[in-house]
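Chemist: Sending over a structure as C-alpha cells; questions will come in a sec.
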Amino acid sequence: MPPTHHPTAWDDPATRRAWTRLVTCAAVGQILWPAVWAGLLAWYVIMSITWTLWLFFVPLAYSFYRTFLQVAYWRGALRARRILRHHPWQVYEAPESGIGNIPGVRNGYVWLRFPNPEAPDQQVTMVMHSHVRSVWWGGRLGKRAKPERKAEVRTIWFAGDPRLAAVIAVPGPRRLYVIDQRPSCKPAPTSEVRDA
C-alpha cells in the first residue's frame, strides 16, 4: 500500500496512528517494567529463601535494565514526531542493506543505503546505531535472513534526509524506527558514498 500524498508524513492519519501506538508502548513500558522489577524484588524479600535468588536473578536484572531503557523509547518517539512533521513519506523498493561488512560500519550493526538528495546517483549509508527496536529490522535486512522475512522489508517508507536523520517504516506505516547519522560513527566514504 503506497503512502497517500500529503505535504508531510505527519499529515497522514495512518502515520499519526502508528506514532500513537509507539508512544502508547513507551508509556506502558514505563509503568510495566518498574512494576515488574518492584514486584519481583518484593516477592524475593518476602520469600527470603536463598536458593530462590537464582530463579529471580535473570528476571530482576532484565526488568531493571528495561526500566532504564524506557527513556530511549520516549526519546525515539519524540524524535520521530519531529522528523515526520517536516518530511513526506518516500517509497524505496529493496534498498541496499546488510549487517556490518562495509568500511566504517562495525560488525553487527544494520545499515541501509538511500539516494543523496543533492546527488541522486550517489548513495548515503545510514546505520542503525541504537538497539532499541532494531532487532526486528536486523532479522530481516541481513544477508542470511530467510526470503519470507526479507519480503517484509522489501518496500521501505522513508521520511527525512539520509545525510542527517530519518524515520523508516514498513508499509502501513508500521515498525517506525528513527535512523540517524552520528558524526563520530559516520561510515567511511566508499566509491558509492560521498560526503556531502
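Naming works like this for the C-alpha cells: A, B, ... for the chains as they're shown, residue 1 at the start of each chain, ligands 1 onward in shown order.
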His5 (chain A): which residues within 12 Å, counting only C-alpha atoms, same-chain residues fewer than 4 positions away excluded, as a list of chain:residue names?
Modeler: A:Ala9, A:Trp10, A:Asp11, A:Asp12, A:Pro13, A:His87, A:Pro88, A:Trp89, A:Gln90, A:Val91
Chemist: If you run DSSP on this backbone, which residues of region 47-104 of chain A come out as helix (DSSP H, G or I), and could you give them as a ChimeraX atom specification?
Modeler: /A:47,50-84
Chemist: Hey, which of A:Thr15, A:Ser97, A:Thr50, A:Gln30 ends up closest to Val71 (chain A)? Count only C-alpha atoms.
Modeler: A:Gln30
Chemist: Any idea what's packed within 10 Å of Leu41 (chain A), counting only C-alpha atoms, ignoring anything in its chain fewer than 6 positions away? Could you give it as a PDB file with N, CA, C and O atoms, in the first residue's frame?
Modeler:
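File out-v5.pdb, as written:
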```pdb
ATOM      1  N   ALA A  35       7.192  -1.788  37.650  1.00  0.00           N
ATOM      2  CA  ALA A  35       6.274  -2.579  38.479  1.00  0.00           C
ATOM      3  C   ALA A  35       6.736  -4.032  38.554  1.00  0.00           C
ATOM      4  O   ALA A  35       6.706  -4.654  39.626  1.00  0.00           O
ATOM      5  N   MET A  47       9.868 -14.011  50.349  1.00  0.00           N
ATOM      6  CA  MET A  47      10.189 -15.439  50.381  1.00  0.00           C
ATOM      7  C   MET A  47      11.423 -15.715  51.223  1.00  0.00           C
ATOM      8  O   MET A  47      11.479 -16.703  51.938  1.00  0.00           O
ATOM      9  N   LEU A  53      17.010 -16.997  44.874  1.00  0.00           N
ATOM     10  CA  LEU A  53      17.726 -15.899  44.221  1.00  0.00           C
ATOM     11  C   LEU A  53      18.024 -16.251  42.770  1.00  0.00           C
ATOM     12  O   LEU A  53      17.899 -15.421  41.877  1.00  0.00           O
ATOM     13  N   PHE A  56      15.095 -15.696  40.503  1.00  0.00           N
ATOM     14  CA  PHE A  56      14.699 -14.309  40.328  1.00  0.00           C
ATOM     15  C   PHE A  56      15.779 -13.425  39.716  1.00  0.00           C
ATOM     16  O   PHE A  56      15.493 -12.324  39.272  1.00  0.00           O
ATOM     17  N   PHE A  57      17.008 -13.894  39.698  1.00  0.00           N
ATOM     18  CA  PHE A  57      18.112 -13.028  39.267  1.00  0.00           C
ATOM     19  C   PHE A  57      17.946 -12.525  37.834  1.00  0.00           C
ATOM     20  O   PHE A  57      18.029 -11.328  37.572  1.00  0.00           O
ATOM     21  N   PRO A  59      15.186 -12.464  35.729  1.00  0.00           N
ATOM     22  CA  PRO A  59      14.052 -11.539  35.533  1.00  0.00           C
ATOM     23  C   PRO A  59      14.248 -10.200  36.239  1.00  0.00           C
ATOM     24  O   PRO A  59      13.873  -9.149  35.703  1.00  0.00           O
ATOM     25  N   LEU A  60      14.867 -10.203  37.430  1.00  0.00           N
ATOM     26  CA  LEU A  60      15.132  -8.950  38.145  1.00  0.00           C
ATOM     27  C   LEU A  60      16.087  -8.074  37.344  1.00  0.00           C
ATOM     28  O   LEU A  60      15.856  -6.877  37.160  1.00  0.00           O
TER      29      LEU A  60
END
```
Chemist: Which residues, written as a list in words, have at least one atom at most 12 Å from Pro34 (chain A), with only C-alpha atoms counted and residues fewer than 5 positions away on the same chain left out?
Modeler: Ala27, Val28, Gly29, Gly39, Leu40, Leu41, Pro59, Leu60, Ala61, Tyr62, Ser63, Phe64, Tyr65, Arg66, Thr67, Phe68, Leu69 and Gln70 of chain A
Chemist: Those selected residues, please, written with C-alpha atoms and delivered as an mmCIF file, in the first residue's frame.
Modeler:
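Writing done, so here's selection_14.cif:
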```
data_model
loop_
_atom_site.group_PDB
_atom_site.id
_atom_site.type_symbol
_atom_site.label_atom_id
_atom_site.label_comp_id
_atom_site.auth_asym_id
_atom_site.auth_seq_id
_atom_site.Cartn_x
_atom_site.Cartn_y
_atom_site.Cartn_z
ATOM 1 C CA ALA A 27 4.048 4.610 28.293
ATOM 2 C CA VAL A 28 3.007 1.041 29.088
ATOM 3 C CA GLY A 29 6.657 0.027 29.371
ATOM 4 C CA GLY A 39 7.144 -6.943 42.354
ATOM 5 C CA LEU A 40 9.933 -9.465 41.810
ATOM 6 C CA LEU A 41 12.106 -7.750 44.402
ATOM 7 C CA PRO A 59 14.052 -11.539 35.533
ATOM 8 C CA LEU A 60 15.132 -8.950 38.145
ATOM 9 C CA ALA A 61 18.179 -7.905 36.116
ATOM 10 C CA TYR A 62 16.227 -7.739 32.845
ATOM 11 C CA SER A 63 13.319 -5.740 34.278
ATOM 12 C CA PHE A 64 15.815 -3.332 35.931
ATOM 13 C CA TYR A 65 17.571 -2.906 32.564
ATOM 14 C CA ARG A 66 14.273 -2.320 30.725
ATOM 15 C CA THR A 67 13.216 0.257 33.330
ATOM 16 C CA PHE A 68 16.170 2.455 32.385
ATOM 17 C CA LEU A 69 15.910 1.639 28.676
ATOM 18 C CA GLN A 70 12.426 3.198 28.503
#
```
Chemist: Between CA of Arg133 (chain A) and CA of Pro120 (chain A), what distance in Å does the model show, to one decimal?
Modeler: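 Separation of CA of Arg133 (chain A) and CA of Pro120 (chain A): 28.7 Å.
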Chemist: Determine which residues of region 18-131 of chain A receive a DSSP assignment of strand (DSSP E), computed from the backbone, and state them as an mmCIF file with C-alpha atoms, in the first residue's frame.
Modeler:
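Saved file states_16.cif follows:
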```cif
data_model
loop_
_atom_site.group_PDB
_atom_site.id
_atom_site.type_symbol
_atom_site.label_atom_id
_atom_site.label_comp_id
_atom_site.auth_asym_id
_atom_site.auth_seq_id
_atom_site.Cartn_x
_atom_site.Cartn_y
_atom_site.Cartn_z
ATOM 1 C CA GLN A 90 9.053 8.378 0.137
ATOM 2 C CA VAL A 91 8.914 4.764 -1.015
ATOM 3 C CA TYR A 92 12.044 2.689 -1.720
ATOM 4 C CA GLU A 93 11.896 -0.793 -3.196
ATOM 5 C CA SER A 97 21.167 -3.144 3.112
ATOM 6 C CA GLY A 98 23.134 -5.503 5.299
ATOM 7 C CA ILE A 99 24.761 -6.109 8.649
ATOM 8 C CA VAL A 110 22.459 -2.899 10.430
ATOM 9 C CA TRP A 111 22.845 -0.405 7.575
ATOM 10 C CA LEU A 112 20.771 0.800 4.622
ATOM 11 C CA ARG A 113 21.639 2.979 1.623
ATOM 12 C CA PHE A 114 19.409 5.732 0.281
ATOM 13 C CA PRO A 115 19.896 8.265 -2.542
ATOM 14 C CA ASN A 116 21.627 11.521 -1.651
ATOM 15 C CA ALA A 119 23.133 13.943 -5.960
ATOM 16 C CA PRO A 120 20.572 11.152 -6.580
ATOM 17 C CA ASP A 121 23.154 8.999 -8.405
ATOM 18 C CA GLN A 122 25.128 8.712 -5.141
ATOM 19 C CA GLN A 123 24.103 6.693 -2.099
ATOM 20 C CA VAL A 124 24.273 7.648 1.598
ATOM 21 C CA THR A 125 24.760 4.854 4.122
ATOM 22 C CA MET A 126 22.671 5.079 7.277
ATOM 23 C CA VAL A 127 23.488 2.856 10.254
ATOM 24 C CA MET A 128 21.080 1.657 12.953
#
```
Chemist: Using only C-alpha atoms, determine which residues lie at most 10 Å from Gly160 (chain A), disregarding the query and same-chain residues fewer than 2 positions distant; provide the list as a short mmCIF file (atom, residue, chain, number, x, y, z; two decimals) with all heavy atoms, in the first residue's frame.
Modeler:
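As a result, part-v9.cif now contains:
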```
data_model
loop_
_atom_site.label_atom_id
_atom_site.label_comp_id
_atom_site.auth_asym_id
_atom_site.auth_seq_id
_atom_site.Cartn_x
_atom_site.Cartn_y
_atom_site.Cartn_z
N THR A 8 3.44 16.47 4.48
CA THR A 8 4.37 15.81 5.40
C THR A 8 3.78 14.47 5.80
O THR A 8 2.57 14.25 5.69
CB THR A 8 4.61 16.65 6.68
OG1 THR A 8 3.41 16.69 7.45
CG2 THR A 8 5.08 18.06 6.36
N ALA A 9 4.64 13.60 6.30
CA ALA A 9 4.17 12.28 6.74
C ALA A 9 3.19 12.43 7.90
O ALA A 9 2.24 11.64 8.02
CB ALA A 9 5.36 11.42 7.16
N ALA A 80 11.01 10.95 16.30
CA ALA A 80 10.24 10.51 15.14
C ALA A 80 9.16 11.54 14.81
O ALA A 80 8.96 11.88 13.63
CB ALA A 80 9.61 9.14 15.41
N ARG A 82 9.15 14.77 15.40
CA ARG A 82 9.77 15.97 14.81
C ARG A 82 10.08 15.75 13.32
O ARG A 82 9.83 16.61 12.49
CB ARG A 82 11.05 16.34 15.56
CG ARG A 82 10.83 17.21 16.76
CD ARG A 82 12.11 17.85 17.24
NE ARG A 82 13.20 16.91 17.44
CZ ARG A 82 13.46 16.28 18.57
NH1 ARG A 82 12.70 16.47 19.62
NH2 ARG A 82 14.49 15.47 18.66
N ILE A 83 10.64 14.60 13.00
CA ILE A 83 11.01 14.30 11.62
C ILE A 83 9.76 14.15 10.75
O ILE A 83 9.69 14.68 9.64
CB ILE A 83 11.89 13.04 11.55
CG1 ILE A 83 13.24 13.30 12.23
CG2 ILE A 83 12.10 12.58 10.12
CD1 ILE A 83 14.06 12.05 12.51
N LEU A 84 8.77 13.43 11.25
CA LEU A 84 7.55 13.19 10.48
C LEU A 84 6.77 14.48 10.22
O LEU A 84 6.05 14.58 9.22
CB LEU A 84 6.65 12.18 11.21
CG LEU A 84 7.21 10.76 11.31
CD1 LEU A 84 6.39 9.93 12.29
CD2 LEU A 84 7.28 10.10 9.95
N ARG A 85 6.93 15.47 11.07
CA ARG A 85 6.23 16.75 10.87
C ARG A 85 6.88 17.61 9.79
O ARG A 85 6.30 18.59 9.37
CB ARG A 85 6.19 17.53 12.18
CG ARG A 85 5.18 16.99 13.14
CD ARG A 85 5.11 17.82 14.38
NE ARG A 85 3.91 17.49 15.11
CZ ARG A 85 3.44 18.18 16.13
NH1 ARG A 85 4.08 19.25 16.54
NH2 ARG A 85 2.35 17.81 16.74
N HIS A 86 8.11 17.26 9.37
CA HIS A 86 8.82 18.09 8.40
C HIS A 86 9.08 17.43 7.06
O HIS A 86 9.49 18.10 6.11
CB HIS A 86 10.16 18.55 8.99
CG HIS A 86 9.99 19.53 10.10
ND1 HIS A 86 9.96 19.14 11.42
CD2 HIS A 86 9.80 20.87 10.08
CE1 HIS A 86 9.78 20.21 12.17
NE2 HIS A 86 9.68 21.28 11.39
N HIS A 87 8.88 16.13 6.94
CA HIS A 87 9.22 15.42 5.71
C HIS A 87 8.07 14.52 5.25
O HIS A 87 7.41 13.90 6.08
CB HIS A 87 10.47 14.55 5.92
CG HIS A 87 11.68 15.33 6.28
ND1 HIS A 87 12.45 15.97 5.36
CD2 HIS A 87 12.25 15.58 7.48
CE1 HIS A 87 13.45 16.59 5.96
NE2 HIS A 87 13.35 16.37 7.26
N PRO A 88 7.87 14.40 3.94
CA PRO A 88 6.85 13.47 3.43
C PRO A 88 7.40 12.05 3.36
O PRO A 88 8.62 11.84 3.40
CB PRO A 88 6.57 14.01 2.02
CG PRO A 88 7.88 14.62 1.61
CD PRO A 88 8.48 15.19 2.88
N TRP A 89 6.52 11.09 3.22
CA TRP A 89 6.94 9.71 3.01
C TRP A 89 7.45 9.55 1.58
O TRP A 89 6.88 10.07 0.64
CB TRP A 89 5.78 8.73 3.22
CG TRP A 89 5.42 8.45 4.63
CD1 TRP A 89 4.20 8.70 5.21
CD2 TRP A 89 6.22 7.86 5.65
NE1 TRP A 89 4.22 8.29 6.53
CE2 TRP A 89 5.45 7.77 6.82
CE3 TRP A 89 7.53 7.40 5.69
CZ2 TRP A 89 5.93 7.25 8.02
CZ3 TRP A 89 8.02 6.87 6.88
CH2 TRP A 89 7.23 6.80 8.02
N GLN A 90 8.54 8.80 1.43
CA GLN A 90 9.05 8.38 0.14
C GLN A 90 9.10 6.86 0.17
O GLN A 90 9.30 6.28 1.23
CB GLN A 90 10.46 8.92 -0.10
CG GLN A 90 10.55 10.44 -0.07
CD GLN A 90 12.00 10.88 -0.14
OE1 GLN A 90 12.71 10.51 -1.04
NE2 GLN A 90 12.41 11.65 0.86
N PHE A 158 10.22 5.97 3.85
CA PHE A 158 11.32 6.78 4.35
C PHE A 158 10.87 8.23 4.43
O PHE A 158 10.36 8.78 3.47
CB PHE A 158 12.50 6.64 3.38
CG PHE A 158 13.72 7.42 3.75
CD1 PHE A 158 14.74 6.83 4.48
CD2 PHE A 158 13.87 8.74 3.35
CE1 PHE A 158 15.88 7.54 4.80
CE2 PHE A 158 15.01 9.46 3.68
CZ PHE A 158 16.01 8.86 4.41
N PRO A 162 18.67 11.52 4.41
CA PRO A 162 19.65 10.49 4.77
C PRO A 162 20.99 11.04 5.25
O PRO A 162 21.76 10.33 5.88
CB PRO A 162 19.80 9.67 3.48
CG PRO A 162 19.33 10.56 2.40
CD PRO A 162 18.30 11.47 3.01
N ARG A 163 21.26 12.30 4.98
CA ARG A 163 22.51 12.90 5.45
C ARG A 163 22.44 13.29 6.92
O ARG A 163 23.45 13.51 7.56
CB ARG A 163 22.86 14.12 4.60
CG ARG A 163 23.10 13.78 3.13
CD ARG A 163 23.07 15.00 2.27
NE ARG A 163 21.73 15.61 2.39
CZ ARG A 163 21.41 16.80 1.89
NH1 ARG A 163 22.31 17.51 1.25
NH2 ARG A 163 20.19 17.28 2.02
N LEU A 164 21.21 13.35 7.46
CA LEU A 164 21.02 13.78 8.85
C LEU A 164 20.29 12.73 9.68
O LEU A 164 20.87 12.06 10.51
CB LEU A 164 20.27 15.11 8.89
CG LEU A 164 20.91 16.25 8.11
CD1 LEU A 164 19.98 17.44 8.04
CD2 LEU A 164 22.23 16.63 8.73
N ALA A 165 18.97 12.65 9.47
CA ALA A 165 18.15 11.70 10.23
C ALA A 165 16.88 11.42 9.47
O ALA A 165 16.44 12.23 8.65
CB ALA A 165 17.81 12.28 11.61
N ALA A 166 16.28 10.28 9.76
CA ALA A 166 15.05 9.89 9.06
C ALA A 166 14.27 8.90 9.91
O ALA A 166 14.80 8.33 10.87
CB ALA A 166 15.39 9.27 7.71
N VAL A 167 13.03 8.70 9.52
CA VAL A 167 12.20 7.65 10.09
C VAL A 167 11.95 6.66 8.97
O VAL A 167 11.59 7.05 7.86
CB VAL A 167 10.85 8.20 10.61
CG1 VAL A 167 9.94 7.07 11.07
CG2 VAL A 167 11.08 9.20 11.74
N ILE A 168 12.18 5.39 9.25
CA ILE A 168 11.86 4.35 8.27
C ILE A 168 10.72 3.53 8.83
O ILE A 168 10.51 3.47 10.05
CB ILE A 168 13.08 3.46 7.92
CG1 ILE A 168 13.63 2.77 9.17
CG2 ILE A 168 14.14 4.25 7.20
CD1 ILE A 168 14.71 1.73 8.86
N VAL A 178 13.68 5.38 14.09
CA VAL A 178 14.49 6.58 13.81
C VAL A 178 15.91 6.12 13.53
O VAL A 178 16.53 5.40 14.32
CB VAL A 178 14.47 7.56 15.01
CG1 VAL A 178 15.39 8.73 14.74
CG2 VAL A 178 13.06 8.04 15.28
N ILE A 179 16.42 6.54 12.39
CA ILE A 179 17.78 6.20 11.98
C ILE A 179 18.49 7.52 11.70
O ILE A 179 17.92 8.42 11.08
CB ILE A 179 17.75 5.25 10.75
CG1 ILE A 179 19.13 4.76 10.40
CG2 ILE A 179 17.06 5.87 9.56
CD1 ILE A 179 19.13 3.60 9.40
N ASP A 180 19.70 7.68 12.22
CA ASP A 180 20.38 8.96 12.05
C ASP A 180 21.86 8.80 11.78
O ASP A 180 22.43 7.72 11.94
CB ASP A 180 20.16 9.86 13.27
CG ASP A 180 20.72 9.26 14.55
OD1 ASP A 180 21.30 8.17 14.52
OD2 ASP A 180 20.58 9.90 15.59
#
```
Chemist: Just checking: using only C-alpha atoms, which residue out of A:Val36, A:Arg175, A:Gly108, A:Pro117 ends up closest to Lys143 (chain A)?
Modeler: A:Gly108
